[in-house]
file work-v7.cif (mmCIF, C-alpha atoms)
data_model
#
loop_
_atom_site.label_atom_id
_atom_site.label_comp_id
_atom_site.auth_asym_id
_atom_site.auth_seq_id
_atom_site.Cartn_x
_atom_site.Cartn_y
_atom_site.Cartn_z
CA MET K 1 0.00 0.00 0.00
CA LYS K 2 2.77 2.35 0.97
CA LYS K 3 4.63 1.57 -2.26
CA ARG K 4 1.57 2.43 -4.35
CA ILE K 5 1.28 5.81 -2.65
CA ILE K 6 4.95 6.56 -3.25
CA LYS K 7 4.59 5.59 -6.92
CA LYS K 8 1.61 7.92 -7.39
CA VAL K 9 3.52 10.77 -5.76
CA VAL K 10 6.52 10.19 -8.06
CA ASN K 11 4.27 10.11 -11.15
CA ALA K 12 2.58 13.33 -10.07
CA ILE K 13 5.94 15.03 -9.57
CA LEU K 14 7.13 13.87 -13.01
CA LEU K 15 3.91 15.10 -14.63
CA ILE K 16 4.22 18.50 -12.95
CA THR K 17 7.87 18.71 -14.05
CA VAL K 18 6.98 17.93 -17.69
CA ILE K 19 4.19 20.53 -17.64
CA VAL K 20 6.55 23.15 -16.24
CA LEU K 21 9.23 22.38 -18.85
CA VAL K 22 6.74 22.49 -21.73
CA GLY K 23 5.31 25.77 -20.50
CA PHE K 24 8.78 27.26 -20.17
CA ARG K 25 9.65 26.12 -23.71
CA LEU K 26 6.45 27.60 -25.13
CA TYR K 27 7.13 30.86 -23.32
CA ASN K 28 10.65 31.11 -24.80
CA THR K 29 9.35 30.31 -28.27
CA LYS K 30 6.66 33.00 -28.01
CA SER K 31 9.21 35.53 -26.79
CA LYS K 32 11.47 34.84 -29.77
CA SER K 33 8.53 35.05 -32.19
CA ASP K 34 7.43 38.36 -30.71
CA GLU K 35 10.98 39.66 -31.01
CA GLU K 36 11.30 38.54 -34.64
CA LEU K 37 7.92 40.06 -35.47
CA ALA K 38 8.95 43.32 -33.85
CA ASN K 39 12.20 43.33 -35.86
CA LEU K 40 10.28 42.59 -39.06
CA VAL K 41 7.82 45.43 -38.42
CA SER K 42 10.64 47.85 -37.70
CA TYR K 43 12.70 46.73 -40.78
CA LYS K 44 13.03 49.32 -43.52
CA GLN K 45 13.94 48.07 -46.99
CA VAL K 46 16.77 49.94 -48.70
CA VAL K 47 16.43 49.74 -52.49
CA PRO K 48 19.51 50.18 -54.74
CA VAL K 49 18.77 52.61 -57.59
CA LYS K 50 20.47 54.41 -60.43
CA VAL K 51 19.77 58.10 -60.92
CA THR K 52 20.20 60.76 -63.58
CA PRO K 53 20.19 64.54 -62.98
CA ALA K 54 17.50 66.77 -64.47
CA GLN K 55 19.39 69.25 -66.64
CA ILE K 56 18.90 71.60 -69.57
CA GLN K 57 20.54 70.54 -72.85
CA PRO K 58 20.13 71.08 -76.59
CA LEU K 59 17.22 69.09 -77.93
CA GLU K 60 18.67 66.39 -80.18
CA GLN K 61 16.28 64.63 -82.50
CA ILE K 62 17.00 60.94 -83.12
CA LEU K 63 15.62 59.40 -86.29
CA GLU K 64 15.69 55.59 -86.22
CA GLU K 65 15.02 53.32 -89.18
CA THR K 66 15.50 49.63 -89.91
CA GLY K 67 17.62 48.38 -92.79
CA VAL K 68 19.53 45.47 -94.27
CA PHE K 69 23.30 44.98 -94.42
CA ARG K 70 24.96 44.36 -97.75
CA SER K 71 28.55 44.07 -98.89
CA SER K 72 30.33 47.33 -99.68
CA CYS K 73 31.87 45.67 -102.74
CA GLU K 74 30.64 42.68 -104.73
CA ILE K 75 32.67 41.32 -107.63
CA ASP K 76 31.02 39.11 -110.25
CA LEU K 77 33.62 36.67 -111.54
CA VAL K 78 32.93 36.33 -115.30
CA SER K 79 34.37 33.63 -117.54
CA GLU K 80 36.85 34.78 -120.18
CA THR K 81 37.21 31.40 -121.82
CA SER K 82 35.09 28.45 -122.88
CA GLY K 83 35.29 24.80 -121.99
CA LEU K 84 34.35 22.11 -119.52
CA VAL K 85 34.86 22.86 -115.81
CA LEU K 86 37.10 20.13 -114.40
CA GLN K 87 37.53 21.32 -110.83
CA ILE K 88 35.89 23.71 -108.32
CA ASN K 89 37.98 24.52 -105.24
CA VAL K 90 35.52 26.66 -103.25
CA LYS K 91 31.95 26.60 -102.01
CA THR K 92 29.55 29.33 -100.93
CA GLY K 93 30.69 30.96 -97.69
CA ASP K 94 34.41 30.23 -98.15
CA HIS K 95 36.94 33.03 -97.65
CA VAL K 96 39.39 33.53 -100.52
CA SER K 97 42.49 35.64 -100.98
CA ARG K 98 43.59 37.44 -104.11
CA GLY K 99 45.28 34.95 -106.47
CA ASP K 100 43.70 31.79 -105.03
CA ILE K 101 42.77 29.20 -107.69
CA LEU K 102 38.98 28.91 -107.63
CA ALA K 103 38.32 26.64 -110.62
CA VAL K 104 40.11 24.80 -113.43
CA VAL K 105 38.79 24.49 -117.01
CA GLU K 106 39.93 21.91 -119.59
CA LYS K 107 42.83 23.29 -121.63
CA GLU K 108 43.85 20.62 -124.16
CA LEU K 109 41.97 22.29 -127.02
CA VAL K 110 43.31 25.73 -126.07
CA GLU K 111 46.88 24.35 -125.95
CA GLN K 112 46.43 23.01 -129.48
CA GLN K 113 45.16 26.40 -130.61
CA VAL K 114 48.20 28.05 -129.03
CA THR K 115 50.53 25.64 -130.85
CA LEU K 116 48.76 26.28 -134.19
CA ALA K 117 48.87 30.04 -133.67
CA GLU K 118 52.61 29.91 -132.90
CA MET K 119 53.22 27.89 -136.10
CA ASN K 120 51.27 30.45 -138.12
CA LEU K 121 53.27 33.20 -136.47
CA GLN K 122 56.53 31.51 -137.42
CA ASN K 123 55.41 31.26 -141.06
CA ALA K 124 54.28 34.87 -141.04
CA ARG K 125 57.63 35.96 -139.59
CA GLU K 126 59.56 34.13 -142.30
CA ASP K 127 57.30 35.65 -144.99
CA LEU K 128 57.90 39.10 -143.56
CA HIS K 129 61.70 38.67 -143.58
CA ARG K 130 61.60 37.46 -147.17
CA PHE K 131 59.39 40.33 -148.33
CA GLU K 132 61.57 42.85 -146.51
CA LYS K 133 64.52 41.74 -148.65
CA LEU K 134 62.41 41.74 -151.82
CA SER K 135 61.02 45.16 -151.00
CA ALA K 136 64.54 46.55 -150.57
CA SER K 137 65.34 45.53 -154.18
CA ASP K 138 61.91 46.67 -155.45
CA ALA K 139 61.02 43.08 -156.35
CA VAL K 140 57.54 43.39 -154.76
CA THR K 141 55.02 46.17 -154.63
CA VAL K 142 54.43 48.26 -151.55
CA GLN K 143 50.90 46.84 -151.35
CA GLN K 144 52.23 43.26 -151.29
CA TYR K 145 54.74 44.14 -148.59
CA GLU K 146 52.08 45.84 -146.43
CA GLN K 147 49.78 42.85 -146.79
CA VAL K 148 52.50 40.49 -145.50
CA LYS K 149 53.26 42.86 -142.63
CA LEU K 150 49.57 42.94 -141.72
CA SER K 151 49.42 39.12 -141.77
CA TYR K 152 52.35 39.02 -139.38
CA GLN K 153 50.67 41.45 -137.00
CA ASN K 154 47.47 39.38 -137.08
CA ALA K 155 49.41 36.18 -136.33
CA LEU K 156 51.18 37.93 -133.46
CA SER K 157 47.86 39.09 -132.00
CA LEU K 158 46.33 35.63 -132.37
CA VAL K 159 49.16 34.05 -130.36
CA ALA K 160 48.65 36.59 -127.57
CA ILE K 161 44.89 35.93 -127.56
CA GLN K 162 45.30 32.15 -127.45
CA LYS K 163 47.88 32.37 -124.65
CA ASP K 164 45.48 34.60 -122.73
CA HIS K 165 42.74 31.99 -123.22
CA LEU K 166 45.13 29.33 -121.89
CA LYS K 167 45.87 31.45 -118.84
CA ASN K 168 42.13 31.92 -118.23
CA THR K 169 41.57 28.17 -117.95
CA CYS K 170 42.89 28.58 -114.40
CA ILE K 171 40.35 30.90 -112.73
CA THR K 172 41.76 32.87 -109.79
CA ALA K 173 40.28 35.26 -107.20
CA PRO K 174 40.69 38.91 -108.24
CA ALA K 175 40.34 40.17 -104.62
CA ASP K 176 40.01 39.09 -101.00
CA GLY K 177 36.49 38.27 -99.81
CA TYR K 178 33.85 35.61 -99.28
CA ILE K 179 32.14 33.52 -101.94
CA SER K 180 28.56 34.77 -101.66
CA SER K 181 27.17 32.80 -104.63
CA ARG K 182 28.31 30.15 -107.13
CA SER K 183 26.55 29.17 -110.33
CA VAL K 184 28.82 26.44 -111.75
CA GLU K 185 29.64 22.87 -110.79
CA PRO K 186 32.31 20.42 -111.95
CA GLY K 187 31.20 19.20 -115.38
CA SER K 188 29.49 22.47 -116.35
CA TYR K 189 30.32 23.96 -119.73
CA ILE K 190 31.16 27.66 -119.58
CA SER K 191 31.53 30.29 -122.26
CA PRO K 192 32.90 33.85 -122.30
CA GLY K 193 30.68 36.31 -120.45
CA MET K 194 29.09 33.75 -118.13
CA THR K 195 29.00 34.70 -114.43
CA LEU K 196 30.66 31.92 -112.43
CA MET K 197 30.54 33.19 -108.84
CA THR K 198 30.37 36.37 -106.76
CA ILE K 199 32.97 37.53 -104.24
CA SER K 200 31.78 39.84 -101.44
CA ARG K 201 33.95 41.94 -99.19
CA GLN K 202 32.73 41.88 -95.58
CA SER K 203 35.36 43.91 -93.73
CA GLN K 204 33.33 46.94 -94.83
CA LEU K 205 29.52 46.76 -94.95
CA LEU K 206 26.71 49.08 -95.97
CA LEU K 207 23.41 49.30 -94.09
CA GLU K 208 20.75 50.16 -96.62
CA THR K 209 17.59 51.89 -95.39
CA TYR K 210 14.83 54.10 -96.80
CA LEU K 211 13.76 57.50 -95.43
CA SER K 212 10.63 59.53 -96.02
CA GLU K 213 10.64 62.78 -97.96
CA SER K 214 10.27 64.82 -94.76
CA THR K 215 13.32 63.30 -93.08
CA PHE K 216 15.91 62.41 -95.73
CA THR K 217 16.61 66.10 -96.46
CA ARG K 218 18.02 66.44 -92.92
CA ILE K 219 20.72 63.84 -93.62
CA LYS K 220 23.92 64.69 -95.50
CA PRO K 221 26.67 62.43 -96.98
CA GLY K 222 29.65 62.19 -94.65
CA GLU K 223 27.60 62.70 -91.48
CA LYS K 224 27.96 60.25 -88.60
CA ALA K 225 25.29 57.70 -87.72
CA VAL K 226 24.89 54.92 -85.16
CA VAL K 227 24.22 51.38 -86.37
CA ILE K 228 22.71 48.68 -84.15
CA PRO K 229 22.83 45.10 -85.54
CA ALA K 230 19.73 43.01 -84.79
CA THR K 231 21.99 40.20 -83.57
CA ALA K 232 23.42 42.44 -80.80
CA SER K 233 20.82 45.02 -79.78
CA GLU K 234 23.10 46.54 -77.13
CA LYS K 235 26.08 46.96 -79.46
CA HIS K 236 26.34 50.34 -81.16
CA ILE K 237 28.68 50.78 -84.14
CA ASP K 238 29.79 54.14 -85.49
CA GLY K 239 28.98 54.62 -89.16
CA VAL K 240 29.17 57.28 -91.87
CA VAL K 241 26.46 58.20 -94.35
CA GLU K 242 27.77 56.96 -97.71
CA GLU K 243 25.08 57.66 -100.31
CA ILE K 244 21.69 59.36 -100.53
CA ALA K 245 19.50 58.65 -103.54
CA VAL K 246 18.43 61.63 -105.65
CA LYS K 247 15.30 59.82 -106.82
CA SER K 248 12.72 58.09 -104.66
CA ALA K 249 11.79 54.44 -104.96
CA LEU K 250 8.31 53.31 -105.97
CA SER K 251 7.32 53.54 -102.30
CA GLY K 252 8.08 57.27 -102.31
CA ARG K 253 10.99 56.83 -99.89
CA TYR K 254 14.65 57.60 -100.56
CA ARG K 255 17.46 55.06 -100.27
CA VAL K 256 20.26 55.93 -97.81
CA THR K 257 23.35 53.80 -97.15
CA VAL K 258 25.61 53.95 -94.09
CA ARG K 259 29.12 52.46 -94.17
CA ILE K 260 30.52 50.60 -91.13
CA SER K 261 33.66 48.61 -90.38
CA ASN K 262 33.21 44.89 -89.76
CA PRO K 263 36.69 43.59 -88.86
CA SER K 264 35.39 40.57 -86.92
CA MET K 265 33.13 39.51 -89.84
CA ALA K 266 30.38 38.95 -87.22
CA ILE K 267 27.81 40.75 -89.39
CA ARG K 268 26.96 39.11 -92.71
CA PRO K 269 25.26 40.62 -95.77
CA GLY K 270 21.52 40.05 -95.61
CA MET K 271 21.29 40.53 -91.83
CA SER K 272 19.03 43.29 -90.51
CA GLY K 273 19.74 46.17 -88.17
CA LYS K 274 18.79 49.68 -87.13
CA VAL K 275 20.42 53.00 -87.87
CA GLN K 276 20.06 56.19 -85.83
CA PHE K 277 20.54 59.62 -87.36
CA ARG K 278 20.93 62.47 -84.87
CA TYR K 279 20.37 66.13 -85.59
CA ALA K 280 19.99 69.05 -83.18
CA LYS K 281 17.04 71.40 -82.93
CA LYS K 282 17.61 75.10 -82.30
CA GLN K 283 15.98 75.21 -78.84
CA GLU K 284 16.96 73.72 -75.49
CA GLY K 285 14.93 71.79 -72.92
CA MET K 286 15.04 69.47 -69.93
CA VAL K 287 15.66 65.98 -71.31
CA LEU K 288 15.30 62.69 -69.43
CA PRO K 289 15.72 59.07 -70.54
CA ARG K 290 12.36 57.50 -71.40
CA LYS K 291 12.98 54.74 -68.81
CA CYS K 292 12.72 57.32 -65.97
CA VAL K 293 8.97 57.67 -66.58
CA ILE K 294 6.98 55.19 -64.48
CA ARG K 295 3.66 55.71 -66.23
CA SER K 296 2.62 56.55 -69.77
CA VAL K 297 3.83 59.75 -71.41
CA LEU K 298 0.20 60.91 -71.46
CA ALA K 299 0.20 61.02 -67.63
CA PRO K 300 3.90 60.82 -66.72
CA SER K 301 5.47 60.79 -63.28
CA VAL K 302 8.93 60.05 -61.90
CA TYR K 303 10.58 59.21 -58.58
CA VAL K 304 12.93 61.90 -57.26
CA VAL K 305 15.50 61.43 -54.50
CA SER K 306 14.72 63.42 -51.34
CA GLY K 307 17.35 62.84 -48.67
CA ASP K 308 17.65 59.05 -48.35
CA THR K 309 14.11 58.35 -49.61
CA VAL K 310 12.12 59.02 -52.76
CA ILE K 311 8.98 60.96 -53.62
CA GLU K 312 6.79 60.65 -56.70
CA LYS K 313 6.32 63.74 -58.87
CA SER K 314 3.83 64.21 -61.69
CA LEU K 315 5.14 65.83 -64.87
CA THR K 316 4.06 67.54 -68.01
CA ALA K 317 6.24 66.00 -70.75
CA SER K 318 6.36 64.91 -74.37
CA LEU K 319 8.36 62.39 -76.39
CA LEU K 320 11.51 63.69 -78.03
CA ASN K 321 12.28 60.32 -79.60
CA GLU K 322 11.93 56.64 -78.75
CA SER K 323 14.44 56.82 -75.90
CA GLN K 324 14.03 60.37 -74.49
CA VAL K 325 11.33 62.71 -73.18
CA VAL K 326 11.26 66.50 -72.83
CA VAL K 327 9.99 67.74 -69.44
CA HIS K 328 7.92 70.93 -69.67
CA LYS K 329 6.77 71.20 -66.04
CA GLY K 330 7.18 69.38 -62.72
CA LEU K 331 10.97 69.20 -62.19
CA HIS K 332 13.74 71.56 -61.21
CA VAL K 333 17.24 71.57 -62.63
CA GLY K 334 19.60 69.43 -60.56
CA GLU K 335 17.01 67.09 -59.06
CA MET K 336 18.13 63.46 -59.08
CA VAL K 337 15.60 61.30 -60.95
CA ILE K 338 15.44 57.52 -60.52
CA GLN K 339 16.43 55.86 -63.81
CA SER K 340 16.34 52.19 -62.78
CA GLY K 341 15.05 50.26 -59.75
CA HIS K 342 11.40 51.44 -59.87
CA MET K 343 9.88 48.03 -59.19
CA ASN K 344 10.18 48.17 -55.39
CA LEU K 345 9.65 51.90 -54.95
CA SER K 346 6.87 54.01 -53.51
CA THR K 347 6.89 57.43 -51.88
CA GLY K 348 8.95 57.22 -48.70
CA THR K 349 10.99 54.16 -49.67
CA GLN K 350 14.59 54.37 -48.50
CA VAL K 351 17.10 54.12 -51.36
CA ARG K 352 20.81 53.74 -51.94
CA ILE K 353 22.33 55.31 -55.07
CA ILE K 354 24.72 52.90 -56.80
CA ASN K 355 25.95 54.99 -59.76
#
call {"tool": "encode", "arguments": {"input": "work-v7.cif", "output": "structure tokens"}}
result
Amino acid sequence: MKKRIIKKVVNAILLITVIVLVGFRLYNTKSKSDEELANLVSYKQVVPVKVTPAQIQPLEQILEETGVFRSSCEIDLVSETSGLVLQINVKTGDHVSRGDILAVVEKELVEQQVTLAEMNLQNAREDLHRFEKLSASDAVTVQQYEQVKLSYQNALSLVAIQKDHLKNTCITAPADGYISSRSVEPGSYISPGMTLMTISRQSQLLLETYLSESTFTRIKPGEKAVVIPATASEKHIDGVVEEIAVKSALSGRYRVTVRISNPSMAIRPGMSGKVQFRYAKKQEGMVLPRKCVIRSVLAPSVYVVSGDTVIEKSLTASLLNESQVVVHKGLHVGEMVIQSGHMNLSTGTQVRIIN
């Protein structure tokens, strides 16, 4: 009986101890949660932003148009002989250097013609020497002597022509460049005047675009332009206006070409791109990047740095071009306007300028 009482007392003590420990643990957990909640409520987010100053500058108009790149120089390689093509050493897209052998044409027939022409030349030379001696003794007429001399000159010219034909059976590259097209294959029969392939230079390219009547008159040959290849939208390449058409196309627009350097050969003829022409207006204004505006240009507003926080300001503005706006009212010169980092901002948000 006494043992049962002692056992109940021990169990009661253990139960009370467990309850006390659990309560203490719950109390500590609640205290930590309350502390973390208090820290979270008191936490102020600091947003990194990039800013740009509001300042007065000349209003520069940017005209942007799309266009297509083409080679600054394309050479059509034309056959100067006739015969069967025995060998083609290049394919479309290959780079060639001046003097490289591109194709070989059969030459047996031409070699025979060269041999025959040289034999005729030898006979004509002997006839000329004989008639020179006869003419000195007045044994032949002047007309006969001139006829023999003319035959000799014709034979001499024929040898030169046939040797030139023999040389042309080995077709070589006239300049450095890339094979942009090829119209013959081994086994093709070619004749003089036939275009065999085209060589394009790609170290210098032209971007060809078309401008409207109201804008092309503002562009002059020799002026600078900025070219943006479609394959690298962030890469800007300096260019120079090369040509401006004096007559419009059927569309009523005028063709304009801009020359750029392409040393890496990364841009190929046929690729597309954009070109920007810049010209200044006579007045000045407060210009901001278009990305500073957080709403539409019809109801624009921006975030402006005030101490270590930002405030939102409504503006009166208009588009200058695709990437800039002109502010007419709402900002003062020198105010720092948020250019990037708008996503997490609202009036009163603490910011840190990182540019």
call {"tool": "residues_near_point", "arguments": {"input": "work-v7.cif", "point": "(2.7, 58.5, -67.4)", "cutoff": "12 Å", "atoms": "all atoms listed in the file", "output": "mmCIF file with C-alpha atoms, in the coordinates of the input"}}
result
data_model
loop_
_atom_site.group_PDB
_atom_site.id
_atom_site.type_symbol
_atom_site.label_atom_id
_atom_site.label_comp_id
_atom_site.auth_asym_id
_atom_site.auth_seq_id
_atom_site.Cartn_x
_atom_site.Cartn_y
_atom_site.Cartn_z
ATOM 1 C CA ARG K 290 12.360 57.500 -71.400
ATOM 2 C CA LYS K 291 12.980 54.740 -68.810
ATOM 3 C CA CYS K 292 12.720 57.320 -65.970
ATOM 4 C CA VAL K 293 8.970 57.670 -66.580
ATOM 5 C CA ILE K 294 6.980 55.190 -64.480
ATOM 6 C CA ARG K 295 3.660 55.710 -66.230
ATOM 7 C CA SER K 296 2.620 56.550 -69.770
ATOM 8 C CA VAL K 297 3.830 59.750 -71.410
ATOM 9 C CA LEU K 298 0.200 60.910 -71.460
ATOM 10 C CA ALA K 299 0.200 61.020 -67.630
ATOM 11 C CA PRO K 300 3.900 60.820 -66.720
ATOM 12 C CA SER K 301 5.470 60.790 -63.280
ATOM 13 C CA VAL K 302 8.930 60.050 -61.900
ATOM 14 C CA TYR K 303 10.580 59.210 -58.580
ATOM 15 C CA GLU K 312 6.790 60.650 -56.700
ATOM 16 C CA LYS K 313 6.320 63.740 -58.870
ATOM 17 C CA SER K 314 3.830 64.210 -61.690
ATOM 18 C CA LEU K 315 5.140 65.830 -64.870
ATOM 19 C CA THR K 316 4.060 67.540 -68.010
ATOM 20 C CA ALA K 317 6.240 66.000 -70.750
ATOM 21 C CA SER K 318 6.360 64.910 -74.370
ATOM 22 C CA LEU K 319 8.360 62.390 -76.390
ATOM 23 C CA VAL K 325 11.330 62.710 -73.180
ATOM 24 C CA VAL K 327 9.990 67.740 -69.440
#
call {"tool": "resolve_selection", "arguments": {"input": "work-v7.cif", "expression": "the PyMOL selection byres ((chain K and resi 243-256) around 6)", "output": "number ranges by chain"}}
result
K: 208-212, 242, 257
call {"tool": "closest_residue", "arguments": {"input": "work-v7.cif", "among": "K:Ile179, K:Val305, K:Val159, K:Ile19", "to": "K:Thr347", "atoms": "only C-alpha atoms"}}
result
K:Val305
call {"tool": "residues_near_point", "arguments": {"input": "work-v7.cif", "point": "(11.0, 53.7, -53.3)", "cutoff": "10 Å", "atoms": "only C-alpha atoms", "output": "list in words"}}
result
Gln45, Val46, Val47, Pro48, Val49, Tyr303, Val304, Val305, Asp308, Thr309, Val310, Ile311, Glu312, Ile338, Gly341, His342, Met343, Asn344, Leu345, Ser346, Thr347, Gly348, Thr349, Gln350, Val351 and Arg352 of chain K
call {"tool": "resolve_selection", "arguments": {"input": "work-v7.cif", "expression": "the PyMOL selection byres ((chain K and resi 56) around 10)", "output": "JSON, numbers by chain"}}
result
{"K": [53, 54, 55, 57, 58, 59, 284, 285, 286, 287, 288, 326, 327, 332, 333, 334]}
call {"tool": "write_last_selection", "arguments": {"input": "work-v7.cif", "atoms": "C-alpha atoms", "output": "PDB file, in the coordinates of the input"}}
result
ATOM      1  CA  PRO K  53      20.190  64.540 -62.980  1.00  0.00           C
ATOM      2  CA  ALA K  54      17.500  66.770 -64.470  1.00  0.00           C
ATOM      3  CA  GLN K  55      19.390  69.250 -66.640  1.00  0.00           C
ATOM      4  CA  GLN K  57      20.540  70.540 -72.850  1.00  0.00           C
ATOM      5  CA  PRO K  58      20.130  71.080 -76.590  1.00  0.00           C
ATOM      6  CA  LEU K  59      17.220  69.090 -77.930  1.00  0.00           C
ATOM      7  CA  GLU K 284      16.960  73.720 -75.490  1.00  0.00           C
ATOM      8  CA  GLY K 285      14.930  71.790 -72.920  1.00  0.00           C
ATOM      9  CA  MET K 286      15.040  69.470 -69.930  1.00  0.00           C
ATOM     10  CA  VAL K 287      15.660  65.980 -71.310  1.00  0.00           C
ATOM     11  CA  LEU K 288      15.300  62.690 -69.430  1.00  0.00           C
ATOM     12  CA  VAL K 326      11.260  66.500 -72.830  1.00  0.00           C
ATOM     13  CA  VAL K 327       9.990  67.740 -69.440  1.00  0.00           C
ATOM     14  CA  HIS K 332      13.740  71.560 -61.210  1.00  0.00           C
ATOM     15  CA  VAL K 333      17.240  71.570 -62.630  1.00  0.00           C
ATOM     16  CA  GLY K 334      19.600  69.430 -60.560  1.00  0.00           C
TER      17      GLY K 334
END
call {"tool": "closest_residue", "arguments": {"input": "work-v7.cif", "among": "K:Leu158, K:Met271, K:Met197, K:Ala117", "to": "K:Gly67", "atoms": "only C-alpha atoms"}}
result
K:Met271
call {"tool": "atom_distance", "arguments": {"input": "work-v7.cif", "atom1": "atom CA of K:Val105", "atom2": "atom CA of K:Ile161"}}
result
16.7 Å
call {"tool": "atom_distance", "arguments": {"input": "work-v7.cif", "atom1": "atom CA of K:Lys163", "atom2": "atom CA of K:Gly99"}}
result
18.5 Å
call {"tool": "atom_distance", "arguments": {"input": "work-v7.cif", "atom1": "atom CA of K:Asn123", "atom2": "atom CA of K:Ala155"}}
result
9.1 Å
call {"tool": "axis_aligned_box", "arguments": {"input": "work-v7.cif", "around": "stretch 336-345 of chain K", "padding_each_side": "3 Å", "output": "lines of an AutoDock Vina configuration file"}}
result
center_x = 13.9
center_y = 55.7
center_z = -59.4
size_x = 14.5
size_y = 21.4
size_z = 14.9
call {"tool": "closest_residue", "arguments": {"input": "work-v7.cif", "among": "K:Pro263, K:Gly83, K:Gly307, K:Gly330", "to": "K:Pro186", "atoms": "only C-alpha atoms"}}
result
K:Gly83
call {"tool": "closest_residue", "arguments": {"input": "work-v7.cif", "among": "K:Val148, K:Ile101, K:Leu109, K:Ala175", "to": "K:Arg130", "atoms": "only C-alpha atoms"}}
result
K:Val148
call {"tool": "closest_residue", "arguments": {"input": "work-v7.cif", "among": "K:Leu63, K:Lys224, K:Lys167, K:Arg259", "to": "K:Lys107", "atoms": "only C-alpha atoms"}}
result
K:Lys167
call {"tool": "closest_residue", "arguments": {"input": "work-v7.cif", "among": "K:Ile62, K:Ile219, K:Val337, K:Leu116", "to": "K:Gln276", "atoms": "all atoms listed in the file"}}
result
K:Ile62
call {"tool": "resolve_selection", "arguments": {"input": "work-v7.cif", "expression": "the PyMOL selection byres ((chain K and resi 132) around 12)", "output": "number ranges by chain"}}
result
K: 125-131, 133-142, 144-149
call {"tool": "residues_around", "arguments": {"input": "work-v7.cif", "residues": "stretch 70-72 of chain K", "least_positions_apart": "4", "cutoff": "12 Å", "atoms": "all atoms listed in the file", "output": "JSON, numbers by chain"}}
result
{"K": [177, 178, 179, 180, 198, 199, 200, 201, 202, 203, 204, 205, 206, 207, 208, 209, 242, 243, 257, 258, 259, 260, 261, 262, 265, 267, 268, 269, 270, 271, 272, 273]}
call {"tool": "residues_around", "arguments": {"input": "work-v7.cif", "residues": "K:Asn168", "least_positions_apart": "4", "cutoff": "9 Å", "atoms": "all atoms listed in the file", "output": "JSON, numbers by chain"}}
result
{"K": [79, 80, 81, 104, 105, 163, 164, 172]}
call {"tool": "residues_around", "arguments": {"input": "work-v7.cif", "residues": "K:Val78", "least_positions_apart": "6", "cutoff": "8 Å", "atoms": "only C-alpha atoms", "output": "ChimeraX atom specification"}}
result
/K:192-197
